[in-house]
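Source file work.cif; content: mmCIF, C-alpha atoms.
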data_work
loop_
_atom_site.label_atom_id
_atom_site.label_comp_id
_atom_site.auth_asym_id
_atom_site.auth_seq_id
_atom_site.Cartn_x
_atom_site.Cartn_y
_atom_site.Cartn_z
CA MET I 21 43.85 80.83 34.27
CA PRO I 22 42.51 84.03 32.66
CA GLY I 23 39.56 85.82 34.32
CA ILE I 24 36.42 83.75 34.33
CA TRP I 25 34.22 86.57 33.02
CA LEU I 26 36.59 87.19 30.15
CA LEU I 27 36.31 83.53 29.18
CA VAL I 28 32.51 83.68 29.44
CA ALA I 29 32.48 86.78 27.22
CA ILE I 30 34.75 85.11 24.66
CA GLY I 31 32.49 82.06 24.64
CA ALA I 32 29.40 84.24 24.16
CA ALA I 33 30.95 86.17 21.27
CA THR I 34 32.23 83.08 19.46
CA GLY I 35 28.93 81.29 20.04
CA LEU I 36 26.96 84.23 18.63
CA VAL I 37 29.00 84.63 15.45
CA GLY I 38 29.44 80.91 15.07
CA SER I 39 25.78 80.05 15.15
CA LEU I 40 24.93 82.95 12.78
CA LEU I 41 27.26 81.46 10.19
CA GLY I 42 26.93 77.73 10.88
CA LEU I 43 30.34 77.56 12.52
CA GLY I 44 31.29 76.15 15.87
CA GLY I 45 33.39 79.17 16.74
CA GLY I 46 36.63 77.25 17.01
CA VAL I 47 38.23 79.33 14.25
CA PHE I 48 38.11 82.32 16.59
CA LEU I 49 38.39 80.53 19.90
CA VAL I 50 41.61 78.58 19.40
CA PRO I 51 43.68 81.61 18.30
CA LEU I 52 42.14 83.73 21.08
CA LEU I 53 42.94 81.20 23.78
CA THR I 54 46.48 80.47 22.54
CA LEU I 55 47.76 83.76 21.16
CA ALA I 56 45.81 86.29 23.21
CA MET I 57 45.77 84.33 26.48
CA GLY I 58 48.86 82.16 26.21
CA LEU I 59 47.10 78.87 26.87
CA PRO I 60 48.68 75.58 25.74
CA ILE I 61 47.45 74.58 22.28
CA ARG I 62 46.03 71.23 23.41
CA SER I 63 43.94 72.82 26.17
CA ALA I 64 42.72 75.45 23.72
CA ILE I 65 41.77 72.83 21.13
CA ALA I 66 40.02 70.72 23.76
CA ALA I 67 38.06 73.72 25.07
CA SER I 68 37.21 74.69 21.52
CA LEU I 69 35.87 71.23 20.65
CA VAL I 70 33.58 71.21 23.70
CA SER I 71 32.47 74.77 22.89
CA VAL I 72 31.69 73.67 19.31
CA ILE I 73 29.45 70.95 20.73
CA ALA I 74 27.64 73.60 22.77
CA THR I 75 27.22 75.91 19.76
CA GLY I 76 26.07 73.10 17.51
CA SER I 77 23.60 71.71 20.02
CA ALA I 78 22.10 75.06 20.94
CA SER I 79 21.74 76.21 17.33
CA ALA I 80 20.40 72.87 16.17
CA THR I 81 17.59 73.09 18.71
CA VAL I 82 16.39 76.36 17.15
CA ASN I 83 16.99 75.35 13.54
CA LEU I 84 15.27 71.97 13.85
CA ASN I 85 12.14 73.74 15.07
CA ARG I 86 12.31 76.01 12.02
CA GLY I 87 12.60 73.06 9.65
CA LEU I 88 15.86 74.38 8.19
CA VAL I 89 18.03 71.34 8.86
CA ASN I 90 18.45 69.03 5.87
CA MET I 91 18.89 65.81 7.82
CA ARG I 92 19.57 63.52 4.85
CA LEU I 93 22.24 65.80 3.47
CA GLY I 94 23.78 66.36 6.90
CA LEU I 95 23.97 62.65 7.71
CA THR I 96 25.47 61.76 4.33
CA LEU I 97 28.08 64.48 4.57
CA GLU I 98 28.87 63.43 8.13
CA VAL I 99 29.98 60.02 6.83
CA ALA I 100 32.59 61.83 4.72
CA THR I 101 33.48 63.99 7.71
CA THR I 102 34.12 61.00 9.96
CA LEU I 103 36.29 59.41 7.28
CA GLY I 104 38.10 62.72 6.96
CA GLY I 105 38.72 62.68 10.68
CA LEU I 106 40.42 59.31 10.37
CA ALA I 107 42.43 60.54 7.37
CA GLY I 108 43.40 63.64 9.30
CA GLY I 109 44.70 61.52 12.11
CA VAL I 110 46.86 59.59 9.68
CA THR I 111 48.15 62.57 7.69
CA SER I 112 48.77 64.87 10.65
CA SER I 113 52.20 63.36 11.07
CA LEU I 114 53.04 63.97 7.40
CA LEU I 115 52.50 67.72 7.49
CA THR I 116 54.24 70.31 9.60
CA GLN I 117 52.07 72.85 11.34
CA ARG I 118 53.30 75.52 8.94
CA GLN I 119 52.32 73.45 5.93
CA LEU I 120 48.92 72.78 7.45
CA PHE I 121 48.35 76.47 8.18
CA ALA I 122 49.50 77.46 4.70
CA ALA I 123 47.26 74.93 2.91
CA PHE I 124 44.28 75.76 5.07
CA GLY I 125 44.80 79.49 4.83
CA ALA I 126 45.12 79.42 1.05
CA THR I 127 42.00 77.28 0.68
CA LEU I 128 39.93 79.53 2.91
CA GLY I 129 41.18 82.62 1.12
CA VAL I 130 40.11 81.30 -2.27
CA MET I 131 36.75 80.20 -0.87
CA GLY I 132 36.23 83.62 0.69
CA LEU I 133 36.84 85.38 -2.60
CA ILE I 134 34.53 83.03 -4.48
CA MET I 135 31.84 83.40 -1.85
CA MET I 136 32.09 87.19 -2.03
CA SER I 137 31.77 87.08 -5.81
CA ARG I 138 28.65 84.90 -5.58
CA ALA I 139 26.99 86.70 -2.69
CA SER I 140 24.09 87.92 -4.81
CA ARG I 141 23.30 84.53 -6.34
CA ARG I 142 20.27 82.73 -5.03
CA ASN I 143 20.13 78.97 -4.66
CA VAL I 144 16.34 78.68 -4.53
CA ILE I 145 13.74 78.03 -7.21
CA PRO I 146 10.06 78.88 -6.83
CA ALA I 147 8.20 75.75 -5.73
CA GLY I 148 6.41 74.01 -8.56
CA GLU I 149 9.21 74.59 -11.07
CA ALA I 150 11.39 71.72 -9.85
CA GLU I 151 11.54 68.74 -7.59
CA PRO I 152 14.08 68.83 -4.75
CA GLY I 153 15.59 65.41 -5.40
CA LEU I 154 17.10 63.10 -2.79
CA PHE I 155 19.25 65.72 -1.06
CA GLY I 156 17.26 68.86 -1.80
CA GLY I 157 14.39 70.34 0.10
CA ARG I 158 11.85 73.08 0.50
CA LEU I 159 12.29 76.40 2.19
CA GLU I 160 9.79 79.08 3.12
CA GLU I 161 10.91 82.70 3.03
CA LYS I 162 8.58 85.61 3.70
CA GLY I 163 5.51 83.53 2.97
CA THR I 164 6.80 82.12 -0.33
CA LEU I 165 7.71 78.46 -0.75
CA TYR I 166 10.93 77.68 -2.60
CA VAL I 167 12.69 74.52 -3.66
CA TYR I 168 16.43 73.89 -3.71
CA ARG I 169 18.43 71.04 -5.19
CA LEU I 170 21.87 69.78 -4.27
CA LYS I 171 24.40 70.23 -7.07
CA ARG I 172 27.87 68.68 -7.27
CA LEU I 173 27.57 66.08 -4.51
CA PRO I 174 31.27 65.09 -4.97
CA VAL I 175 32.28 68.66 -4.07
CA ALA I 176 30.11 68.55 -0.95
CA LEU I 177 31.61 65.20 0.04
CA LEU I 178 35.16 66.45 -0.56
CA ALA I 179 34.51 69.55 1.53
CA SER I 180 33.16 67.35 4.32
CA LEU I 181 36.20 65.08 4.10
CA VAL I 182 38.50 68.10 4.50
CA ALA I 183 36.30 69.44 7.31
CA GLY I 184 36.67 66.18 9.18
CA ALA I 185 40.42 66.15 8.71
CA ILE I 186 40.92 69.64 10.11
CA SER I 187 38.41 69.22 12.90
CA GLY I 188 40.53 67.13 15.22
CA LEU I 189 43.78 68.78 14.18
CA LEU I 190 42.72 72.37 14.79
CA GLY I 191 39.83 72.09 17.24
CA LEU I 192 37.19 73.17 14.74
CA GLY I 193 33.75 71.83 13.92
CA GLY I 194 34.34 71.95 10.18
CA GLY I 195 31.58 74.44 9.39
CA ILE I 196 34.17 76.93 8.11
CA VAL I 197 34.71 74.61 5.14
CA LYS I 198 31.27 73.03 4.76
CA VAL I 199 29.06 76.13 4.80
CA PRO I 200 30.84 78.11 2.05
CA ALA I 201 31.22 74.96 -0.08
CA LEU I 202 27.53 74.09 0.18
CA SER I 203 26.42 77.65 -0.44
CA ALA I 204 28.86 78.72 -3.17
CA PHE I 205 29.28 75.46 -5.10
CA CYS I 206 26.50 73.03 -4.23
CA GLY I 207 23.28 75.00 -4.63
CA ILE I 208 22.27 74.93 -0.97
CA PRO I 209 20.67 78.15 0.39
CA ILE I 210 22.87 79.80 3.00
CA ARG I 211 20.30 79.38 5.79
CA VAL I 212 19.96 75.66 5.11
CA ALA I 213 23.73 75.30 4.84
CA THR I 214 24.28 77.02 8.20
CA ALA I 215 21.45 75.13 9.91
CA THR I 216 22.58 71.76 8.59
CA SER I 217 26.18 72.55 9.47
CA THR I 218 25.35 73.49 13.07
CA PHE I 219 23.39 70.27 13.38
CA MET I 220 26.39 68.18 12.33
CA ILE I 221 29.38 70.05 13.75
CA GLY I 222 28.42 68.97 17.25
CA VAL I 223 28.71 65.34 16.12
CA THR I 224 32.03 66.02 14.42
CA ALA I 225 33.45 67.76 17.46
CA ALA I 226 32.15 65.12 19.87
CA ALA I 227 34.18 62.39 18.18
CA SER I 228 37.43 64.30 18.80
CA ALA I 229 36.35 65.78 22.13
CA PHE I 230 35.99 62.30 23.67
CA LEU I 231 39.64 61.59 22.84
CA TYR I 232 40.91 64.88 24.24
CA PHE I 233 38.83 64.34 27.38
CA GLY I 234 40.15 60.81 27.79
CA ARG I 235 43.72 62.09 27.55
CA GLY I 236 43.08 64.68 30.25
CA ASP I 237 43.53 67.66 27.89
CA VAL I 238 40.23 69.31 28.85
CA SER I 239 40.86 71.99 31.45
CA LEU I 240 37.58 71.78 33.35
CA PRO I 241 37.20 75.30 34.79
CA LEU I 242 38.43 76.99 31.59
CA THR I 243 36.21 74.91 29.34
CA ALA I 244 33.23 75.34 31.65
CA ALA I 245 33.61 79.12 31.63
CA VAL I 246 33.79 79.25 27.83
CA VAL I 247 30.76 76.97 27.45
CA VAL I 248 28.71 78.98 29.97
CA GLY I 249 29.12 81.93 27.59
CA THR I 250 28.75 79.90 24.41
CA LEU I 251 25.32 78.48 25.24
CA PRO I 252 23.38 81.76 25.45
CA GLY I 253 25.52 83.35 22.71
CA SER I 254 24.76 80.62 20.22
CA LEU I 255 21.04 80.55 21.10
CA LEU I 256 20.91 84.29 20.43
CA GLY I 257 22.82 83.87 17.16
CA ALA I 258 20.46 81.15 15.99
CA HIS I 259 17.44 83.36 16.71
CA LEU I 260 19.04 86.38 15.01
CA SER I 261 19.96 84.46 11.85
CA ASP I 262 16.33 84.63 10.79
CA GLN I 263 16.45 88.44 10.82
CA VAL I 264 19.59 88.77 8.71
CA HIS I 265 19.34 88.97 4.93
CA ALA I 266 20.83 85.96 3.12
CA ARG I 267 23.21 88.16 1.10
CA SER I 268 24.47 89.80 4.29
CA LEU I 269 25.14 86.37 5.79
CA LYS I 270 27.16 85.40 2.74
CA ILE I 271 29.21 88.59 2.83
CA LEU I 272 29.84 88.18 6.55
CA MET I 273 30.90 84.57 5.94
CA ALA I 274 33.24 85.65 3.13
CA LEU I 275 34.84 88.28 5.39
CA VAL I 276 35.33 85.73 8.15
CA LEU I 277 36.94 83.33 5.68
CA LEU I 278 39.33 86.01 4.47
CA LEU I 279 40.17 87.06 8.02
CA VAL I 280 40.91 83.49 9.09
CA ALA I 281 42.86 82.90 5.86
CA VAL I 282 45.11 85.87 6.60
CA ARG I 283 45.58 84.68 10.19
CA MET I 284 46.48 81.16 9.00
CA LEU I 285 48.88 82.39 6.33
CA LEU I 286 50.60 84.65 8.86
CA GLY I 287 50.90 81.66 11.16
CA ALA I 288 52.60 79.76 8.36
CA LEU I 289 55.33 82.36 7.87
CA MET O 9 17.38 71.31 25.01
CA THR O 10 16.95 69.43 28.28
CA GLY O 11 20.48 68.08 28.03
CA LEU O 12 21.86 71.55 27.34
CA LEU O 13 19.99 73.06 30.27
CA ALA O 14 21.16 70.31 32.60
CA SER O 15 24.74 70.64 31.38
CA GLY O 16 24.68 74.43 31.65
CA THR O 17 23.26 74.25 35.17
CA LEU O 18 25.96 71.83 36.30
CA LEU O 19 28.67 74.03 34.79
CA VAL O 20 27.40 77.18 36.47
CA LEU O 21 27.07 75.27 39.74
CA GLY O 22 30.56 73.86 39.40
CA LEU O 23 32.08 77.26 38.63
CA THR O 24 30.36 78.98 41.54
CA THR O 25 31.13 76.24 44.10
CA GLY O 26 34.55 75.28 42.74
CA ARG O 27 33.56 71.61 42.63
CA VAL O 28 35.56 69.91 39.89
CA ASP O 29 33.41 66.74 39.94
CA VAL O 30 30.33 68.81 39.10
CA LEU O 31 32.21 70.49 36.24
CA ARG O 32 33.30 67.10 34.95
CA TRP O 33 29.74 65.79 34.85
CA GLY O 34 28.53 68.97 33.18
CA ILE O 35 31.07 68.58 30.39
CA VAL O 36 30.46 64.84 29.99
CA LEU O 37 26.72 65.49 29.72
CA LEU O 38 27.34 68.15 27.08
CA MET O 39 29.61 65.84 25.07
CA LEU O 40 26.93 63.15 25.10
CA THR O 41 24.25 65.51 23.73
CA PRO O 42 25.16 64.96 20.05
CA VAL O 43 25.27 61.21 20.67
CA ALA O 44 21.75 61.32 22.09
CA ARG O 45 20.63 63.35 19.10
CA VAL O 46 22.02 60.83 16.62
CA VAL O 47 20.35 57.99 18.55
CA VAL O 48 16.99 59.77 18.31
CA VAL O 49 17.48 60.49 14.61
CA THR O 50 18.50 56.87 13.91
CA VAL O 51 15.49 55.44 15.72
CA GLY O 52 13.19 57.89 13.94
CA LEU O 53 14.56 57.08 10.49
CA LEU O 54 14.38 53.33 11.00
CA ALA O 55 10.89 53.56 12.47
CA ARG O 56 9.80 55.52 9.35
CA GLY O 57 11.23 52.79 7.12
CA ASP O 58 13.97 55.09 5.78
CA PHE O 59 16.54 52.31 5.92
CA LEU O 60 19.20 53.91 3.72
CA PHE O 61 19.58 56.98 5.89
CA GLY O 62 18.93 54.92 9.01
CA LEU O 63 22.00 52.85 8.12
CA ILE O 64 24.01 56.00 7.45
CA SER O 65 22.98 57.29 10.84
CA LEU O 66 23.98 53.96 12.41
CA TRP O 67 27.43 54.33 10.84
CA ILE O 68 27.84 57.71 12.51
CA LEU O 69 26.67 56.25 15.80
CA GLY O 70 29.25 53.49 15.38
CA VAL O 71 32.06 56.01 14.88
CA LEU O 72 31.00 57.94 17.97
CA ALA O 73 30.79 54.73 20.00
CA THR O 74 34.27 53.73 18.80
CA THR O 75 35.88 57.02 19.77
CA LEU O 76 34.07 56.97 23.11
CA SER O 77 35.39 53.47 23.70
CA PHE O 78 38.94 54.60 22.85
CA ALA O 79 38.59 57.53 25.22
CA LEU O 80 37.45 55.32 28.08
CA HIS O 81 40.54 53.16 27.67
CA LEU O 82 42.99 56.08 27.63
#
Will you turn the file into structure tokens for me?
Amino acid sequence: MPGIWLLVAIGAATGLVGSLLGLGGGVFLVPLLTLAMGLPIRSAIAASLVSVIATGSASATVNLNRGLVNMRLGLTLEVATTLGGLAGGVTSSLLTQRQLFAAFGATLGVMGLIMMSRASRRNVIPAGEAEPGLFGGRLEEKGTLYVYRLKRLPVALLASLVAGAISGLLGLGGGIVKVPALSAFCGIPIRVATATSTFMIGVTAAASAFLYFGRGDVSLPLTAAVVVGTLPGSLLGAHLSDQVHARSLKILMALVLLLVAVRMLLGAL
Amino acid sequence: MTGLLASGTLLVLGLTTGRVDVLRWGIVLLMLTPVARVVVVTVGLLARGDFLFGLISLWILGVLATTLSFALHL
């Protein structure tokens, strides 16, 4: 097993970036553990899923206190995510790993480009000019109250379905799909999208993590070391997210999407 | 936060002492944290009379319970 402090450091880094962007960190963690450290893919996925639970839980604690989590939206999208998880389990045998990597990589690449092109758009309306609707909400930024409304619910549900499908297959929480979709296409402010995502990715990952744990795929010392780093890293990331400008978060997210897309497409070759 | 602190403590303890049973409990506790959160949310929604989202939350709880049940039988 690789050095324990290295694993703690990796967990801290992935937790920090993950919670800043509403991700679980699995998009970085699985390739790091398999390619850089030579760990078996199932152990890496299992460790990643548990780490995603840690990131989601730690970030959610901070974001719930800030009132950023849109519970109704998160719960509704989680229904689609759980169905996606079931669909993913069925379709996993129909796709080769290369096909999966290629499809995922291409999708993330397109989303990254769209997100970059829309980085300056704001999804908030001054309060008083609109009602939030069933899945919208209110957001306070620098002393000013804003309203946001959910647009294109079918797109949000489709993104959540895909997020669920890839979660169990690749050891991710699904935030890598949900956050850009909600922010770029569905009118949700980036901070609400990340906060709501971190609230729900823990639930998504838990469903798959139980199965990996039951099968004995969770390497206890390795996973423990990663999580010991993830917990403080993700708490720090959640606190820092308040200091970062929304446009900067979107650009960072777009760059991460493009990076992961390139990595996935290379893996498909 | 209590669950996270307890889980983190067990994991640090398990890593420093090399006790695998402590590590196992730390990870199990961590995996149950989202379940506990959904339970709290469900109870809160139903108590507030928000039955639509309470039912949605119950669905999610049902899925988690099902996968947990599968895992226990593996």
message: Quick check, in Å to one decimal: how far apart do CA of Leu272 (chain I) and CA of Met284 (chain I) lie?
response: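 CA of Met284 (chain I) lies 18.2 Å from CA of Leu272 (chain I).
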- request: Write out as a ChimeraX atom specification the residues lying within 12 Å of Arg27 (chain O), counting only C-alpha atoms and excluding same-chain residues fewer than 5 positions away.
  value: /I:240-241,244 /O:18-22,32-34
field: Nearest candidate to chain I (options O:Val47, O:Thr25, O:Phe78, O:Gly52; using only C-alpha atoms)
entry: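 Between O:Val47, O:Thr25, O:Phe78, O:Gly52, the residue approaching chain I most closely is O:Phe78.
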- request: Around the point (20.7, 65.5, -5.6) in the file's coordinates, collect all residues with an atom within 10 Å, using all atoms listed in the file, and return them as number ranges by chain.
  value: I: 93, 151-157, 168-173, 206-207
task: With the file shown as input, list the residues that the PyMOL selection byres ((chain I) within 7 of (chain O)) selects, as a PyMOL selection string.
output: chain I and resi 70+73-74+77+81+92+95-96+99+222-223+226-227+230-231+234-235+240-241+244+248
Kindly add N, CA and C atoms to the incomplete region 16-38 of chain O and provide the output as a PDB file, in the coordinates of the input.
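Contents of the output file result_20.pdb:
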ATOM      1  N   GLY O  16      24.399  73.040  31.292  1.00  0.00           N
ATOM      2  CA  GLY O  16      24.680  74.430  31.650  1.00  0.00           C
ATOM      3  C   GLY O  16      24.532  74.679  33.136  1.00  0.00           C
ATOM      4  N   THR O  17      23.497  74.088  33.720  1.00  0.00           N
ATOM      5  CA  THR O  17      23.260  74.250  35.170  1.00  0.00           C
ATOM      6  C   THR O  17      24.415  73.668  35.972  1.00  0.00           C
ATOM      7  N   LEU O  18      24.845  72.464  35.585  1.00  0.00           N
ATOM      8  CA  LEU O  18      25.960  71.830  36.300  1.00  0.00           C
ATOM      9  C   LEU O  18      27.225  72.667  36.176  1.00  0.00           C
ATOM     10  N   LEU O  19      27.452  73.232  34.989  1.00  0.00           N
ATOM     11  CA  LEU O  19      28.670  74.030  34.790  1.00  0.00           C
ATOM     12  C   LEU O  19      28.648  75.303  35.629  1.00  0.00           C
ATOM     13  N   VAL O  20      27.512  75.965  35.656  1.00  0.00           N
ATOM     14  CA  VAL O  20      27.400  77.180  36.470  1.00  0.00           C
ATOM     15  C   VAL O  20      27.578  76.833  37.960  1.00  0.00           C
ATOM     16  N   LEU O  21      26.953  75.730  38.348  1.00  0.00           N
ATOM     17  CA  LEU O  21      27.070  75.270  39.740  1.00  0.00           C
ATOM     18  C   LEU O  21      28.520  74.938  40.079  1.00  0.00           C
ATOM     19  N   GLY O  22      29.170  74.240  39.172  1.00  0.00           N
ATOM     20  CA  GLY O  22      30.560  73.860  39.400  1.00  0.00           C
ATOM     21  C   GLY O  22      31.485  75.062  39.470  1.00  0.00           C
ATOM     22  N   LEU O  23      31.237  76.061  38.628  1.00  0.00           N
ATOM     23  CA  LEU O  23      32.080  77.260  38.630  1.00  0.00           C
ATOM     24  C   LEU O  23      31.867  78.075  39.899  1.00  0.00           C
ATOM     25  N   THR O  24      30.636  78.145  40.356  1.00  0.00           N
ATOM     26  CA  THR O  24      30.360  78.980  41.540  1.00  0.00           C
ATOM     27  C   THR O  24      30.792  78.277  42.836  1.00  0.00           C
ATOM     28  N   THR O  25      30.747  76.957  42.870  1.00  0.00           N
ATOM     29  CA  THR O  25      31.130  76.240  44.100  1.00  0.00           C
ATOM     30  C   THR O  25      32.577  75.754  44.055  1.00  0.00           C
ATOM     31  N   GLY O  26      33.174  75.762  42.874  1.00  0.00           N
ATOM     32  CA  GLY O  26      34.550  75.280  42.740  1.00  0.00           C
ATOM     33  C   GLY O  26      34.658  73.771  42.756  1.00  0.00           C
ATOM     34  N   ARG O  27      33.547  73.077  42.590  1.00  0.00           N
ATOM     35  CA  ARG O  27      33.560  71.610  42.630  1.00  0.00           C
ATOM     36  C   ARG O  27      33.905  71.040  41.251  1.00  0.00           C
ATOM     37  N   VAL O  28      35.061  70.436  41.168  1.00  0.00           N
ATOM     38  CA  VAL O  28      35.560  69.910  39.890  1.00  0.00           C
ATOM     39  C   VAL O  28      34.718  68.727  39.418  1.00  0.00           C
ATOM     40  N   ASP O  29      34.207  67.920  40.341  1.00  0.00           N
ATOM     41  CA  ASP O  29      33.410  66.740  39.940  1.00  0.00           C
ATOM     42  C   ASP O  29      32.118  67.193  39.249  1.00  0.00           C
ATOM     43  N   VAL O  30      31.543  68.282  39.722  1.00  0.00           N
ATOM     44  CA  VAL O  30      30.330  68.810  39.100  1.00  0.00           C
ATOM     45  C   VAL O  30      30.638  69.322  37.693  1.00  0.00           C
ATOM     46  N   LEU O  31      31.783  70.006  37.562  1.00  0.00           N
ATOM     47  CA  LEU O  31      32.210  70.490  36.240  1.00  0.00           C
ATOM     48  C   LEU O  31      32.396  69.312  35.281  1.00  0.00           C
ATOM     49  N   ARG O  32      33.028  68.262  35.794  1.00  0.00           N
ATOM     50  CA  ARG O  32      33.300  67.100  34.950  1.00  0.00           C
ATOM     51  C   ARG O  32      32.002  66.509  34.420  1.00  0.00           C
ATOM     52  N   TRP O  33      31.016  66.360  35.293  1.00  0.00           N
ATOM     53  CA  TRP O  33      29.740  65.790  34.850  1.00  0.00           C
ATOM     54  C   TRP O  33      29.014  66.712  33.872  1.00  0.00           C
ATOM     55  N   GLY O  34      29.142  68.011  34.098  1.00  0.00           N
ATOM     56  CA  GLY O  34      28.530  68.970  33.180  1.00  0.00           C
ATOM     57  C   GLY O  34      29.103  68.847  31.773  1.00  0.00           C
ATOM     58  N   ILE O  35      30.420  68.688  31.697  1.00  0.00           N
ATOM     59  CA  ILE O  35      31.070  68.580  30.390  1.00  0.00           C
ATOM     60  C   ILE O  35      30.779  67.233  29.740  1.00  0.00           C
ATOM     61  N   VAL O  36      30.777  66.178  30.542  1.00  0.00           N
ATOM     62  CA  VAL O  36      30.460  64.840  29.990  1.00  0.00           C
ATOM     63  C   VAL O  36      29.034  64.845  29.432  1.00  0.00           C
ATOM     64  N   LEU O  37      28.115  65.433  30.175  1.00  0.00           N
ATOM     65  CA  LEU O  37      26.720  65.490  29.720  1.00  0.00           C
ATOM     66  C   LEU O  37      26.615  66.264  28.400  1.00  0.00           C
ATOM     67  N   LEU O  38      27.350  67.351  28.312  1.00  0.00           N
ATOM     68  CA  LEU O  38      27.340  68.150  27.080  1.00  0.00           C
ATOM     69  C   LEU O  38      27.891  67.341  25.913  1.00  0.00           C
TER      70      LEU O  38
END
